[in-house]
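Below is upload-v4.txt, which holds compact mmCIF, C-alpha atoms and all ligand atoms.
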```txt
# COMPACT_ATOMS: atom_id res chain seq x y z
CA MET A 1 -7.28 25.31 6.44
CA SER A 2 -10.72 24.09 7.03
CA GLU A 3 -11.95 23.85 10.54
CA PRO A 4 -11.99 20.30 11.90
CA ALA A 5 -15.48 18.96 11.53
CA PRO A 6 -17.62 18.23 14.57
CA ARG A 7 -16.56 14.62 14.01
CA HIS A 8 -13.84 15.54 16.50
CA PRO A 9 -15.76 17.07 19.40
CA GLY A 10 -12.91 16.49 21.85
CA PHE A 11 -10.56 18.52 19.63
CA PRO A 12 -12.15 21.95 19.05
CA LEU A 13 -10.53 24.78 17.09
CA ARG A 14 -10.55 27.73 19.47
CA ASP A 15 -8.67 31.06 19.38
CA GLY A 16 -6.77 29.97 16.30
CA ALA A 17 -5.47 26.71 17.74
CA LEU A 18 -6.63 23.15 17.81
CA HIS A 19 -7.29 22.07 21.40
CA VAL A 20 -7.78 18.83 23.21
CA GLU A 21 -10.69 19.63 25.51
CA GLY A 22 -9.46 22.79 27.30
CA ILE A 23 -5.78 22.60 26.35
CA PRO A 24 -4.13 23.94 23.18
CA LEU A 25 -2.30 21.10 21.47
CA ASP A 26 0.84 23.20 21.14
CA ASP A 27 1.03 23.26 24.94
CA ILE A 28 1.03 19.46 24.93
CA ALA A 29 3.80 19.39 22.30
CA ARG A 30 5.88 21.84 24.31
CA ARG A 31 5.57 19.79 27.49
CA PHE A 32 5.82 16.26 26.15
CA GLY A 33 7.47 16.58 22.75
CA THR A 34 6.38 14.97 19.49
CA PRO A 35 5.34 12.55 18.18
CA CYS A 36 2.76 12.20 20.91
CA TYR A 37 -0.62 10.51 21.14
CA VAL A 38 -3.20 12.73 22.82
CA TYR A 39 -6.53 11.44 24.12
CA SER A 40 -9.71 13.20 25.24
CA ARG A 41 -11.23 11.64 28.31
CA ALA A 42 -14.67 13.14 27.65
CA THR A 43 -14.71 11.57 24.18
CA LEU A 44 -13.71 8.17 25.56
CA GLU A 45 -16.41 8.32 28.21
CA ALA A 46 -19.07 9.52 25.80
CA ALA A 47 -18.33 6.60 23.48
CA LEU A 48 -18.71 4.02 26.24
CA ALA A 49 -21.83 5.77 27.51
CA ALA A 50 -23.37 5.56 24.02
CA TYR A 51 -23.11 1.78 24.14
CA GLN A 52 -24.35 1.60 27.70
CA HIS A 53 -27.37 3.79 26.89
CA ALA A 54 -28.19 1.84 23.76
CA LEU A 55 -28.16 -1.38 25.81
CA ALA A 56 -29.82 0.03 28.93
CA GLY A 57 -32.59 -2.08 30.38
CA ARG A 58 -31.23 -5.37 29.12
CA ASP A 59 -28.74 -7.82 30.55
CA ALA A 60 -25.71 -6.74 28.55
CA LEU A 61 -21.97 -6.32 28.90
CA VAL A 62 -19.72 -4.09 26.80
CA CYS A 63 -16.37 -5.88 26.49
CA TYR A 64 -13.89 -3.32 25.21
CA ALA A 65 -11.51 -4.86 22.64
CA VAL A 66 -8.20 -4.09 24.31
CA LYS A 67 -6.17 -4.43 21.11
CA ALA A 68 -7.57 -1.12 19.85
CA ASN A 69 -5.78 0.83 22.57
CA SER A 70 -4.34 -0.91 25.60
CA ASN A 71 -3.01 2.02 27.60
CA LEU A 72 -3.55 1.28 31.29
CA ALA A 73 -5.25 4.61 31.94
CA ILE A 74 -7.84 3.95 29.23
CA LEU A 75 -8.48 0.43 30.52
CA GLN A 76 -8.83 1.83 34.04
CA LEU A 77 -11.28 4.47 32.87
CA PHE A 78 -13.48 1.90 31.15
CA ALA A 79 -13.19 -0.61 34.01
CA ARG A 80 -14.41 2.02 36.47
CA ARG A 81 -17.42 2.62 34.28
CA GLY A 82 -18.38 -1.03 34.36
CA ALA A 83 -16.91 -2.27 31.09
CA GLY A 84 -15.65 -5.76 30.54
CA PHE A 85 -12.83 -6.57 28.16
CA ASP A 86 -12.17 -8.64 25.06
CA ILE A 87 -8.57 -9.83 25.11
CA VAL A 88 -6.48 -11.80 22.64
CA SER A 89 -3.35 -12.59 24.66
CA GLY A 90 -2.00 -13.20 28.12
CA GLY A 91 -0.33 -9.84 27.81
CA GLU A 92 -3.65 -8.09 27.38
CA LEU A 93 -5.03 -9.99 30.39
CA ALA A 94 -2.10 -8.76 32.48
CA ARG A 95 -2.89 -5.20 31.36
CA VAL A 96 -6.57 -5.52 32.26
CA MET A 97 -5.68 -6.78 35.72
CA ALA A 98 -3.01 -4.11 36.22
CA ALA A 99 -5.60 -1.47 35.34
CA GLY A 100 -8.06 -2.81 37.93
CA GLY A 101 -10.33 -4.56 35.44
CA ASP A 102 -12.53 -7.40 36.64
CA PRO A 103 -11.36 -10.76 35.18
CA GLY A 104 -14.91 -11.97 35.72
CA LYS A 105 -15.87 -9.65 32.85
CA VAL A 106 -13.17 -10.77 30.43
CA VAL A 107 -13.70 -12.76 27.24
CA PHE A 108 -10.62 -14.29 25.62
CA SER A 109 -10.70 -14.35 21.80
CA GLY A 110 -8.04 -15.39 19.31
CA VAL A 111 -7.12 -18.37 17.16
CA GLY A 112 -3.79 -19.19 18.80
CA LYS A 113 -4.15 -19.38 22.57
CA THR A 114 -1.16 -21.14 24.11
CA GLU A 115 -1.37 -23.53 27.05
CA ALA A 116 0.34 -20.96 29.25
CA GLU A 117 -2.22 -18.33 28.27
CA MET A 118 -5.06 -20.77 28.99
CA ARG A 119 -3.64 -21.47 32.46
CA GLN A 120 -3.17 -17.78 33.15
CA ALA A 121 -6.76 -17.02 32.17
CA LEU A 122 -8.17 -19.97 34.13
CA GLU A 123 -6.27 -18.92 37.23
CA ALA A 124 -7.50 -15.35 36.83
CA GLY A 125 -11.08 -16.63 36.55
CA ILE A 126 -12.12 -15.04 33.28
CA TYR A 127 -15.75 -14.99 32.20
CA CYS A 128 -15.38 -16.90 28.95
CA PHE A 129 -13.01 -18.37 26.40
CA ASN A 130 -14.12 -17.72 22.83
CA VAL A 131 -12.93 -20.98 21.31
CA GLU A 132 -12.04 -20.84 17.63
CA SER A 133 -11.32 -24.46 16.64
CA ALA A 134 -11.88 -28.12 17.51
CA ALA A 135 -8.19 -28.47 18.43
CA GLU A 136 -8.40 -25.52 20.80
CA LEU A 137 -11.42 -27.08 22.49
CA GLU A 138 -9.47 -30.29 23.16
CA ARG A 139 -6.46 -28.37 24.44
CA LEU A 140 -8.55 -26.19 26.74
CA SER A 141 -10.28 -29.25 28.16
CA ALA A 142 -6.91 -30.85 28.94
CA VAL A 143 -5.44 -27.70 30.48
CA ALA A 144 -8.52 -27.04 32.63
CA THR A 145 -8.71 -30.64 33.80
CA ALA A 146 -5.02 -30.66 34.76
CA LEU A 147 -5.59 -27.48 36.78
CA GLY A 148 -8.70 -28.90 38.39
CA ARG A 149 -10.78 -26.06 36.98
CA GLU A 150 -13.72 -25.63 34.70
CA ALA A 151 -13.24 -23.48 31.62
CA PRO A 152 -16.29 -21.45 30.61
CA ILE A 153 -16.55 -21.49 26.82
CA ALA A 154 -18.34 -20.05 23.84
CA LEU A 155 -17.64 -21.10 20.29
CA ARG A 156 -16.78 -18.27 17.98
CA VAL A 157 -18.85 -19.15 14.97
CA ASN A 158 -18.05 -17.88 11.54
CA PRO A 159 -21.46 -16.81 10.28
CA ASP A 160 -20.23 -16.58 6.68
CA VAL A 161 -21.50 -13.10 5.94
CA ASP A 162 -19.59 -10.50 3.98
CA ALA A 163 -18.81 -7.52 6.18
CA ARG A 164 -17.94 -5.48 3.07
CA THR A 165 -14.88 -3.86 4.61
CA HIS A 166 -11.14 -3.92 3.89
CA PRO A 167 -10.10 -7.54 3.17
CA TYR A 168 -7.43 -7.42 5.90
CA ILE A 169 -10.01 -6.60 8.57
CA SER A 170 -12.91 -8.69 7.33
CA THR A 171 -13.17 -11.81 9.45
CA GLY A 172 -16.62 -13.35 9.01
CA LEU A 173 -16.20 -15.01 5.60
CA ARG A 174 -15.86 -18.75 5.14
CA SER A 175 -12.39 -18.17 3.73
CA ASN A 176 -11.08 -16.45 6.88
CA LYS A 177 -8.98 -18.19 9.51
CA PHE A 178 -11.31 -17.07 12.30
CA GLY A 179 -13.99 -19.01 14.11
CA VAL A 180 -15.54 -22.40 13.49
CA ALA A 181 -17.65 -22.97 10.43
CA HIS A 182 -21.34 -22.33 10.90
CA GLY A 183 -22.16 -25.82 9.65
CA GLU A 184 -19.79 -27.46 12.15
CA ALA A 185 -20.87 -25.56 15.23
CA LEU A 186 -23.60 -27.95 16.39
CA ALA A 187 -21.30 -30.99 16.24
CA LEU A 188 -18.59 -29.10 18.10
CA TYR A 189 -20.97 -28.02 20.87
CA ARG A 190 -21.97 -31.67 21.23
CA ARG A 191 -18.30 -32.58 21.52
CA ALA A 192 -17.76 -29.82 24.09
CA ARG A 193 -20.59 -31.23 26.16
CA THR A 194 -18.76 -34.54 26.49
CA LEU A 195 -15.31 -33.13 27.27
CA PRO A 196 -14.20 -32.79 30.91
CA GLY A 197 -13.24 -29.42 32.32
CA LEU A 198 -15.49 -27.38 30.05
CA ARG A 199 -18.67 -25.50 30.75
CA ILE A 200 -20.67 -24.23 27.82
CA ARG A 201 -21.62 -20.65 28.44
CA GLY A 202 -22.40 -18.94 25.16
CA ILE A 203 -21.85 -18.38 21.50
CA GLY A 204 -20.00 -15.61 19.70
CA CYS A 205 -19.16 -14.09 16.36
CA HIS A 206 -17.23 -11.15 14.98
CA ILE A 207 -17.46 -10.44 11.28
CA GLY A 208 -14.98 -7.63 10.76
CA SER A 209 -13.96 -4.13 11.60
CA GLN A 210 -14.68 -0.57 10.42
CA LEU A 211 -18.24 -1.58 9.47
CA LEU A 212 -20.25 1.39 8.26
CA ASP A 213 -23.37 -0.58 7.42
CA PRO A 214 -25.18 -2.42 10.24
CA GLU A 215 -26.85 -4.88 7.90
CA PRO A 216 -24.13 -7.58 7.71
CA ALA A 217 -23.78 -7.54 11.50
CA ALA A 218 -27.55 -7.82 11.89
CA GLN A 219 -27.52 -10.74 9.46
CA ALA A 220 -24.79 -12.40 11.51
CA ALA A 221 -26.87 -11.83 14.66
CA GLY A 222 -29.77 -13.59 12.96
CA ARG A 223 -27.61 -16.59 12.16
CA ILE A 224 -26.27 -16.75 15.72
CA VAL A 225 -29.77 -16.62 17.15
CA ALA A 226 -30.88 -19.45 14.85
CA LEU A 227 -27.91 -21.51 16.01
CA ALA A 228 -28.76 -20.83 19.66
CA ASP A 229 -32.25 -22.17 18.98
CA ALA A 230 -30.86 -25.27 17.28
CA LEU A 231 -28.61 -25.84 20.30
CA ALA A 232 -31.53 -25.41 22.71
CA ALA A 233 -33.48 -28.05 20.77
CA ASP A 234 -30.47 -30.28 21.39
CA GLY A 235 -30.55 -29.60 25.13
CA ILE A 236 -27.69 -27.09 25.13
CA THR A 237 -28.82 -23.81 26.65
CA LEU A 238 -26.67 -20.73 26.43
CA GLU A 239 -26.26 -17.92 28.93
CA HIS A 240 -25.04 -15.33 26.44
CA LEU A 241 -24.82 -14.25 22.83
CA ASP A 242 -21.65 -12.32 21.92
CA LEU A 243 -22.07 -10.26 18.76
CA GLY A 244 -18.47 -9.06 18.57
CA GLY A 245 -17.25 -5.58 17.71
CA GLY A 246 -16.82 -3.89 14.37
CA LEU A 247 -18.68 -0.57 14.32
CA GLY A 248 -16.64 1.86 12.24
CA ILE A 249 -15.90 5.53 12.74
CA ALA A 250 -16.03 8.48 10.31
CA TYR A 251 -12.39 8.81 9.30
CA ARG A 252 -13.47 11.23 6.60
CA ASP A 253 -16.35 13.59 5.99
CA ASP A 254 -17.65 11.70 3.01
CA GLU A 255 -17.79 8.36 4.83
CA PRO A 256 -20.14 8.90 7.74
CA ALA A 257 -20.51 6.21 10.36
CA PRO A 258 -23.80 5.24 11.98
CA THR A 259 -24.27 6.20 15.62
CA VAL A 260 -23.95 3.41 18.17
CA ALA A 261 -27.72 3.43 18.66
CA ASP A 262 -28.42 3.25 14.90
CA TYR A 263 -25.86 0.50 14.45
CA LEU A 264 -27.23 -1.60 17.30
CA ALA A 265 -30.94 -1.13 16.48
CA PRO A 266 -31.16 -3.74 13.68
CA LEU A 267 -29.02 -6.16 15.73
CA LEU A 268 -31.22 -5.74 18.77
CA ALA A 269 -34.30 -6.25 16.60
CA ARG A 270 -33.05 -9.79 15.87
CA LEU A 271 -32.79 -10.45 19.60
CA GLU A 272 -36.31 -9.49 20.49
CA GLY A 273 -37.77 -11.70 23.20
CA ARG A 274 -34.47 -13.51 23.90
CA ARG A 275 -33.45 -14.19 27.44
CA GLU A 276 -29.70 -14.63 26.91
CA ARG A 277 -27.30 -12.00 28.10
CA LEU A 278 -25.88 -9.86 25.27
CA LEU A 279 -22.16 -9.17 24.89
CA VAL A 280 -20.54 -6.79 22.41
CA GLU A 281 -16.81 -6.31 21.82
CA PRO A 282 -16.28 -2.82 20.41
CA GLY A 283 -12.77 -1.47 20.01
CA ARG A 284 -12.39 1.26 17.42
CA SER A 285 -15.74 2.95 18.10
CA LEU A 286 -14.80 3.42 21.78
CA VAL A 287 -11.37 4.96 21.29
CA GLY A 288 -10.77 5.90 17.64
CA ALA A 289 -12.18 9.42 17.61
CA ALA A 290 -10.80 10.13 21.09
CA GLY A 291 -7.16 10.30 20.02
CA VAL A 292 -4.88 12.28 17.73
CA LEU A 293 -1.26 11.81 16.85
CA LEU A 294 0.56 15.08 17.31
CA THR A 295 3.56 15.56 15.04
CA ARG A 296 5.89 18.38 14.05
CA VAL A 297 6.92 19.36 10.53
CA GLU A 298 10.68 18.88 10.32
CA TYR A 299 11.22 19.90 6.70
CA LEU A 300 9.29 21.12 3.72
CA LYS A 301 10.75 19.70 0.57
CA HIS A 302 9.68 20.84 -2.84
CA GLY A 303 10.28 17.93 -5.20
CA GLN A 304 10.00 17.95 -8.98
CA GLU A 305 6.59 16.38 -9.02
CA LYS A 306 5.38 16.70 -5.48
CA ASP A 307 5.76 18.80 -2.38
CA PHE A 308 6.67 16.87 0.74
CA ALA A 309 6.14 17.68 4.37
CA ILE A 310 8.52 15.50 6.35
CA VAL A 311 7.14 15.15 9.86
CA ASP A 312 8.60 13.55 12.98
CA ALA A 313 5.93 10.80 13.17
CA ALA A 314 6.28 7.81 10.90
CA MET A 315 4.79 4.48 9.94
CA ASN A 316 6.28 2.98 13.10
CA ASP A 317 4.07 5.36 15.12
CA LEU A 318 0.90 5.04 13.03
CA MET A 319 0.95 2.08 10.70
CA ARG A 320 -2.58 2.24 9.31
CA PRO A 321 -1.87 4.40 6.23
CA ALA A 322 1.12 2.25 5.18
CA LEU A 323 -0.61 -1.04 5.95
CA TYR A 324 -4.19 -0.45 4.78
CA ASP A 325 -3.86 2.72 2.75
CA ALA A 326 -6.09 4.10 5.49
CA TRP A 327 -7.17 7.72 5.52
CA HIS A 328 -6.65 9.97 8.54
CA ASP A 329 -7.48 13.67 8.38
CA ILE A 330 -4.33 15.74 8.91
CA VAL A 331 -4.85 19.28 10.15
CA ALA A 332 -2.61 22.13 11.25
CA VAL A 333 -2.73 22.81 14.98
CA ARG A 334 -2.45 26.57 14.22
CA PRO A 335 -3.97 27.07 10.79
CA ARG A 336 -2.26 29.81 8.75
CA PRO A 337 -4.18 32.26 6.56
CA GLN A 338 -1.97 31.62 3.47
CA PRO A 339 -3.28 29.58 0.54
CA ALA A 340 -2.87 25.84 0.98
CA ARG A 341 -0.79 23.58 -1.24
CA GLY A 342 -0.94 19.83 -1.56
CA TYR A 343 1.65 17.93 0.46
CA GLU A 344 2.74 14.34 0.71
CA ILE A 345 3.01 13.83 4.45
CA GLY A 346 5.78 11.41 5.24
CA GLY A 347 7.98 10.45 8.14
CA PRO A 348 11.71 9.82 8.54
CA VAL A 349 11.50 6.04 8.03
CA CYS A 350 13.44 4.72 5.06
CA GLU A 351 10.55 3.25 3.08
CA SER A 352 8.46 4.75 0.32
CA GLY A 353 5.45 3.29 2.12
CA ASP A 354 6.19 5.56 5.05
CA PHE A 355 3.45 8.12 4.57
CA LEU A 356 0.61 9.45 6.70
CA GLY A 357 -1.32 11.08 3.87
CA HIS A 358 -1.11 11.97 0.18
CA GLU A 359 -1.83 15.33 -1.45
CA ARG A 360 -3.10 16.99 1.70
CA PRO A 361 -3.97 20.66 1.25
CA LEU A 362 -2.16 22.55 4.00
CA ALA A 363 -0.68 26.00 4.61
CA ILE A 364 2.33 25.14 6.72
CA ALA A 365 5.94 26.01 7.48
CA ALA A 366 8.74 23.93 8.98
CA GLY A 367 8.28 23.73 12.73
CA ASP A 368 4.48 23.75 12.57
CA LEU A 369 2.47 21.15 14.43
CA LEU A 370 0.04 18.81 12.71
CA ALA A 371 -2.62 16.61 14.24
CA VAL A 372 -3.40 13.29 12.63
CA MET A 373 -7.04 12.79 13.55
CA CYS A 374 -8.95 9.69 14.66
CA ALA A 375 -5.75 7.97 15.73
CA GLY A 376 -6.98 6.62 19.08
CA ALA A 377 -7.64 3.11 17.76
CA TYR A 378 -4.95 0.79 16.39
CA GLY A 379 -2.44 3.63 16.53
CA MET A 380 -0.20 3.21 19.55
CA THR A 381 -1.00 -0.51 19.87
CA MET A 382 0.32 -1.21 16.37
CA SER A 383 3.39 0.97 16.74
CA SER A 384 6.87 -0.50 16.59
CA ASN A 385 10.50 0.38 17.04
CA TYR A 386 11.31 0.11 13.34
CA ASN A 387 14.38 2.15 12.43
CA THR A 388 15.20 2.05 16.18
CA ARG A 389 12.72 4.77 16.85
CA ALA A 390 11.54 5.13 20.44
CA ARG A 391 7.79 4.90 20.75
CA ALA A 392 5.74 8.03 21.30
CA ALA A 393 4.50 9.44 24.57
CA GLU A 394 0.77 9.26 25.38
CA VAL A 395 -1.16 11.99 27.13
CA LEU A 396 -4.74 11.94 28.36
CA VAL A 397 -6.57 15.20 28.96
CA GLU A 398 -9.66 15.82 31.05
CA GLY A 399 -10.87 19.40 30.80
CA ASP A 400 -7.78 21.41 31.65
CA ARG A 401 -5.99 18.60 33.46
CA VAL A 402 -3.21 16.84 31.63
CA HIS A 403 -1.92 13.37 32.48
CA GLN A 404 1.05 11.75 30.84
CA VAL A 405 -0.14 8.15 30.68
CA ARG A 406 2.96 6.79 28.97
CA ARG A 407 6.28 8.51 28.79
CA ARG A 408 8.36 8.48 25.66
CA GLU A 409 10.61 5.45 25.40
CA THR A 410 14.32 6.00 25.85
CA LEU A 411 17.01 4.66 23.55
CA ALA A 412 18.52 2.84 26.54
CA GLU A 413 15.24 0.94 26.97
CA LEU A 414 15.29 0.00 23.31
CA LEU A 415 18.70 -1.60 23.62
CA ALA A 416 18.25 -3.06 27.11
CA ALA A 417 17.03 -6.54 26.14
CA GLU A 418 19.81 -7.21 23.66
CA SER A 419 23.36 -8.36 24.13
CA THR A 420 26.46 -8.46 22.03
CA LEU A 421 28.40 -11.69 21.48
CA PRO A 422 31.18 -12.70 23.86
CA ASP A 423 34.72 -11.94 22.62
N1 LIG B 501 -13.56 -8.75 18.70
C1 LIG B 501 -12.71 -9.49 17.95
C2 LIG B 501 -12.73 -10.94 18.08
C3 LIG B 501 -11.83 -8.84 17.07
O1 LIG B 501 -11.01 -9.58 16.32
C4 LIG B 501 -11.83 -7.43 16.97
C5 LIG B 501 -10.90 -6.74 16.08
C6 LIG B 501 -12.72 -6.70 17.79
C7 LIG B 501 -13.58 -7.40 18.62
C8 LIG B 501 -12.79 -5.21 17.77
O2 LIG B 501 -13.20 -4.72 16.53
P1 LIG B 501 -13.50 -3.17 16.32
O3 LIG B 501 -14.71 -2.81 17.13
O4 LIG B 501 -12.31 -2.40 16.75
O5 LIG B 501 -13.75 -3.06 14.87
N2 LIG B 501 -5.82 -3.05 12.88
C9 LIG B 501 -7.04 -2.85 12.13
C10 LIG B 501 -8.25 -3.41 12.84
C11 LIG B 501 -8.10 -4.87 13.21
C12 LIG B 501 -9.30 -5.40 13.97
C13 LIG B 501 -9.05 -6.75 14.50
N3 LIG B 501 -10.09 -7.32 15.29
C14 LIG B 501 -7.17 -1.38 11.82
O6 LIG B 501 -6.29 -0.60 12.17
O7 LIG B 501 -8.13 -0.96 11.17
```
Output the file's structure in the form of structure tokens.
Amino acid sequence: MSEPAPRHPGFPLRDGALHVEGIPLDDIARRFGTPCYVYSRATLEAALAAYQHALAGRDALVCYAVKANSNLAILQLFARRGAGFDIVSGGELARVMAAGGDPGKVVFSGVGKTEAEMRQALEAGIYCFNVESAAELERLSAVATALGREAPIALRVNPDVDARTHPYISTGLRSNKFGVAHGEALALYRRARTLPGLRIRGIGCHIGSQLLDPEPAAQAAGRIVALADALAADGITLEHLDLGGGLGIAYRDDEPAPTVADYLAPLLARLEGRRERLLVEPGRSLVGAAGVLLTRVEYLKHGQEKDFAIVDAAMNDLMRPALYDAWHDIVAVRPRPQPARGYEIGGPVCESGDFLGHERPLAIAAGDLLAVMCAGAYGMTMSSNYNTRARAAEVLVEGDRVHQVRRRETLAELLAAESTLPD
């Protein structure tokens, strides 16, 4: 077993066992069971601090994209350190408020906002709606007017640049459903100016996720800046430019990710001399490396062509491998000295697509614990109850203090909302 690379600073290998900060991961498994998501507070805080340092000295707001990991404790931690939030549903707004987040620092993205969600956000007093279509603009105007409120808006513009990432998570191309076309933005801002109940506040874009090259994002920034100038010439002045999220993380050794500072540098270069406030909406790069999914080997199974390690976590717990063929490092919590063999790592779910990794070299026995690395982003939030599996527990560790921040679901909870037919 190779030592986990320093890509996982919150999860050091010490005295023969993988730790989370000061706690051996097998202690966590003993106390809370498996599968279990485990987060390092120091790693979360360092990630937010990296953004805040890179943006220090300018009027900027880091709006954490809640969809990446919406656990209340994580939202609370970021809120206390001054973060704002990027939400995509009324549910996420409720979470932000429950965690003590400031609605005045919330931007609301998403192509399908309902009237009820608009009312909820207006009543909460959010900072800005990122409007994604002409029809949404009209609806928001009507809802705000009926409430006697003014809705602060930005148009999410599709800058039509290729983010060069997985097609499912690339959002800035003309062919995507997101945002309003670059060429239509000016006309739509003019329309917004005439509609009651709206106040134009800014402009936004988001071109995709898991970006390992800053260039497309910098290009998008350039296009947004040019649009802001065109709007100013038309008498529409903006308070902020929102450059979205997207910075990737190093899921594997051979695909390094730029640091936050290196990623932001070419974007910031395009903003030189601007007076607008800058917003960013990072998700993955704030939480991805701060979490692992802890799972236990239930069975080793030596097939005719392949060796399988059947673990107690499955695609319902971590969907990314099944959905995107995504890679997550999988390491033994207590590496054994024996020679490794290649295992298919799969869960108990009845689908061939239920795998966490292929051909992973491991020296393991049934009962051993494995850590699926870089699982802090889009892990728990994309989990489901498929196969009537209760969702995992979540634990957050700071130094040698352990907090269970979500207990494991019970089967009774899973059944509670359903009813059988009358006789
Ligand atoms: N802002 C908007 C408008 C977004 O749509 C997203 C992500 C973000 C910010 C945050 O992007 P990030 O910094 O995390 O890249 N489930 C996929 C990722 C989907 C991302 C969707 N939008 C995955 O597991 O890779």
Give me the residues within 12 Å of Asp400 in chain A as a PDB file with C-alpha atoms, keeping the file's coordinate frame, counting only C-alpha atoms and dropping any in the same chain fewer than 2 places off.
```
ATOM      1  CA  HIS A  19      -7.290  22.070  21.400  1.00  0.00           C
ATOM      2  CA  VAL A  20      -7.780  18.830  23.210  1.00  0.00           C
ATOM      3  CA  GLU A  21     -10.690  19.630  25.510  1.00  0.00           C
ATOM      4  CA  GLY A  22      -9.460  22.790  27.300  1.00  0.00           C
ATOM      5  CA  ILE A  23      -5.780  22.600  26.350  1.00  0.00           C
ATOM      6  CA  PRO A  24      -4.130  23.940  23.180  1.00  0.00           C
ATOM      7  CA  LEU A  25      -2.300  21.100  21.470  1.00  0.00           C
ATOM      8  CA  ASP A  27       1.030  23.260  24.940  1.00  0.00           C
ATOM      9  CA  ILE A  28       1.030  19.460  24.930  1.00  0.00           C
ATOM     10  CA  SER A  40      -9.710  13.200  25.240  1.00  0.00           C
ATOM     11  CA  ARG A  41     -11.230  11.640  28.310  1.00  0.00           C
ATOM     12  CA  ALA A  42     -14.670  13.140  27.650  1.00  0.00           C
ATOM     13  CA  LEU A 396      -4.740  11.940  28.360  1.00  0.00           C
ATOM     14  CA  VAL A 397      -6.570  15.200  28.960  1.00  0.00           C
ATOM     15  CA  GLU A 398      -9.660  15.820  31.050  1.00  0.00           C
ATOM     16  CA  VAL A 402      -3.210  16.840  31.630  1.00  0.00           C
ATOM     17  CA  HIS A 403      -1.920  13.370  32.480  1.00  0.00           C
TER      18      HIS A 403
END
```
Checklist entry - Residues within 8 Å of ligand LIG 501 (chain B) (all atoms listed in the file), as a VMD selection string? => result chain A and resid 64 to 65 67 to 68 86 88 109 to 110 168 to 169 171 205 to 206 208 to 211 244 to 248 280 to 286 319 to 320 324 326 377 to 379 382
Now that the selection is made, can you save its residues with C-alpha atoms as a short mmCIF file (atom, residue, chain, number, x, y, z; two decimals), keeping the file's coordinate frame?
```cif
data_model
loop_
_atom_site.label_atom_id
_atom_site.label_comp_id
_atom_site.auth_asym_id
_atom_site.auth_seq_id
_atom_site.Cartn_x
_atom_site.Cartn_y
_atom_site.Cartn_z
CA TYR A 64 -13.89 -3.32 25.21
CA ALA A 65 -11.51 -4.86 22.64
CA LYS A 67 -6.17 -4.43 21.11
CA ALA A 68 -7.57 -1.12 19.85
CA ASP A 86 -12.17 -8.64 25.06
CA VAL A 88 -6.48 -11.80 22.64
CA SER A 109 -10.70 -14.35 21.80
CA GLY A 110 -8.04 -15.39 19.31
CA TYR A 168 -7.43 -7.42 5.90
CA ILE A 169 -10.01 -6.60 8.57
CA THR A 171 -13.17 -11.81 9.45
CA CYS A 205 -19.16 -14.09 16.36
CA HIS A 206 -17.23 -11.15 14.98
CA GLY A 208 -14.98 -7.63 10.76
CA SER A 209 -13.96 -4.13 11.60
CA GLN A 210 -14.68 -0.57 10.42
CA LEU A 211 -18.24 -1.58 9.47
CA GLY A 244 -18.47 -9.06 18.57
CA GLY A 245 -17.25 -5.58 17.71
CA GLY A 246 -16.82 -3.89 14.37
CA LEU A 247 -18.68 -0.57 14.32
CA GLY A 248 -16.64 1.86 12.24
CA VAL A 280 -20.54 -6.79 22.41
CA GLU A 281 -16.81 -6.31 21.82
CA PRO A 282 -16.28 -2.82 20.41
CA GLY A 283 -12.77 -1.47 20.01
CA ARG A 284 -12.39 1.26 17.42
CA SER A 285 -15.74 2.95 18.10
CA LEU A 286 -14.80 3.42 21.78
CA MET A 319 0.95 2.08 10.70
CA ARG A 320 -2.58 2.24 9.31
CA TYR A 324 -4.19 -0.45 4.78
CA ALA A 326 -6.09 4.10 5.49
CA ALA A 377 -7.64 3.11 17.76
CA TYR A 378 -4.95 0.79 16.39
CA GLY A 379 -2.44 3.63 16.53
CA MET A 382 0.32 -1.21 16.37
#
```
Contacts of Arg360 in chain A within 9 Å, all atoms listed in the file, excl. fewer than 3 positions in-chain, as a PDB file with C-alpha atoms, keeping the file's coordinate frame:
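Saved to part.pdb:
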```
ATOM      1  CA  ASP A 329      -7.480  13.670   8.380  1.00  0.00           C
ATOM      2  CA  ILE A 330      -4.330  15.740   8.910  1.00  0.00           C
ATOM      3  CA  VAL A 331      -4.850  19.280  10.150  1.00  0.00           C
ATOM      4  CA  ALA A 340      -2.870  25.840   0.980  1.00  0.00           C
ATOM      5  CA  ARG A 341      -0.790  23.580  -1.240  1.00  0.00           C
ATOM      6  CA  GLY A 342      -0.940  19.830  -1.560  1.00  0.00           C
ATOM      7  CA  TYR A 343       1.650  17.930   0.460  1.00  0.00           C
ATOM      8  CA  GLU A 344       2.740  14.340   0.710  1.00  0.00           C
ATOM      9  CA  ILE A 345       3.010  13.830   4.450  1.00  0.00           C
ATOM     10  CA  GLY A 357      -1.320  11.080   3.870  1.00  0.00           C
TER      11      GLY A 357
END
```
Checklist entry - Given the choices A:Ala412, A:Ala181, A:Ala289, A:Ala217, which gets closest to Glu45 in chain A if the distance is worked out from all atoms listed in the file? => result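 That would be A:Ala289, the residue with the smallest distance to Glu45 in chain A.
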Checklist entry - Pick from A:Arg334, A:Arg252, A:Arg408, A:Arg275: nearest to His8 in chain A, with all atoms listed in the file counted? => result A:Arg252
Item to check | Atom pair CA of Arg58 in chain A / CA of Arg7 in chain A: separation (Å) | outcome: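 Interatomic distance, CA of Arg58 in chain A to CA of Arg7 in chain A: 29.0 Å.
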Checklist entry - Excluding same-chain residues fewer than 3 positions from Ile126 in chain A, what lies within 6 Å of it counting all atoms listed in the file, as a PyMOL selection string? => result chain A and resi 103-104+106+121
Go ahead and dump the residues you just picked, C-alpha atoms, as a tab-separated table (two decimals), keeping the file's coordinate frame.
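Saved file out38.tsv follows:
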```
chain	number	residue	atom	x	y	z
A	103	PRO	CA	-11.36	-10.76	35.18
A	104	GLY	CA	-14.91	-11.97	35.72
A	106	VAL	CA	-13.17	-10.77	30.43
A	121	ALA	CA	-6.76	-17.02	32.17
```
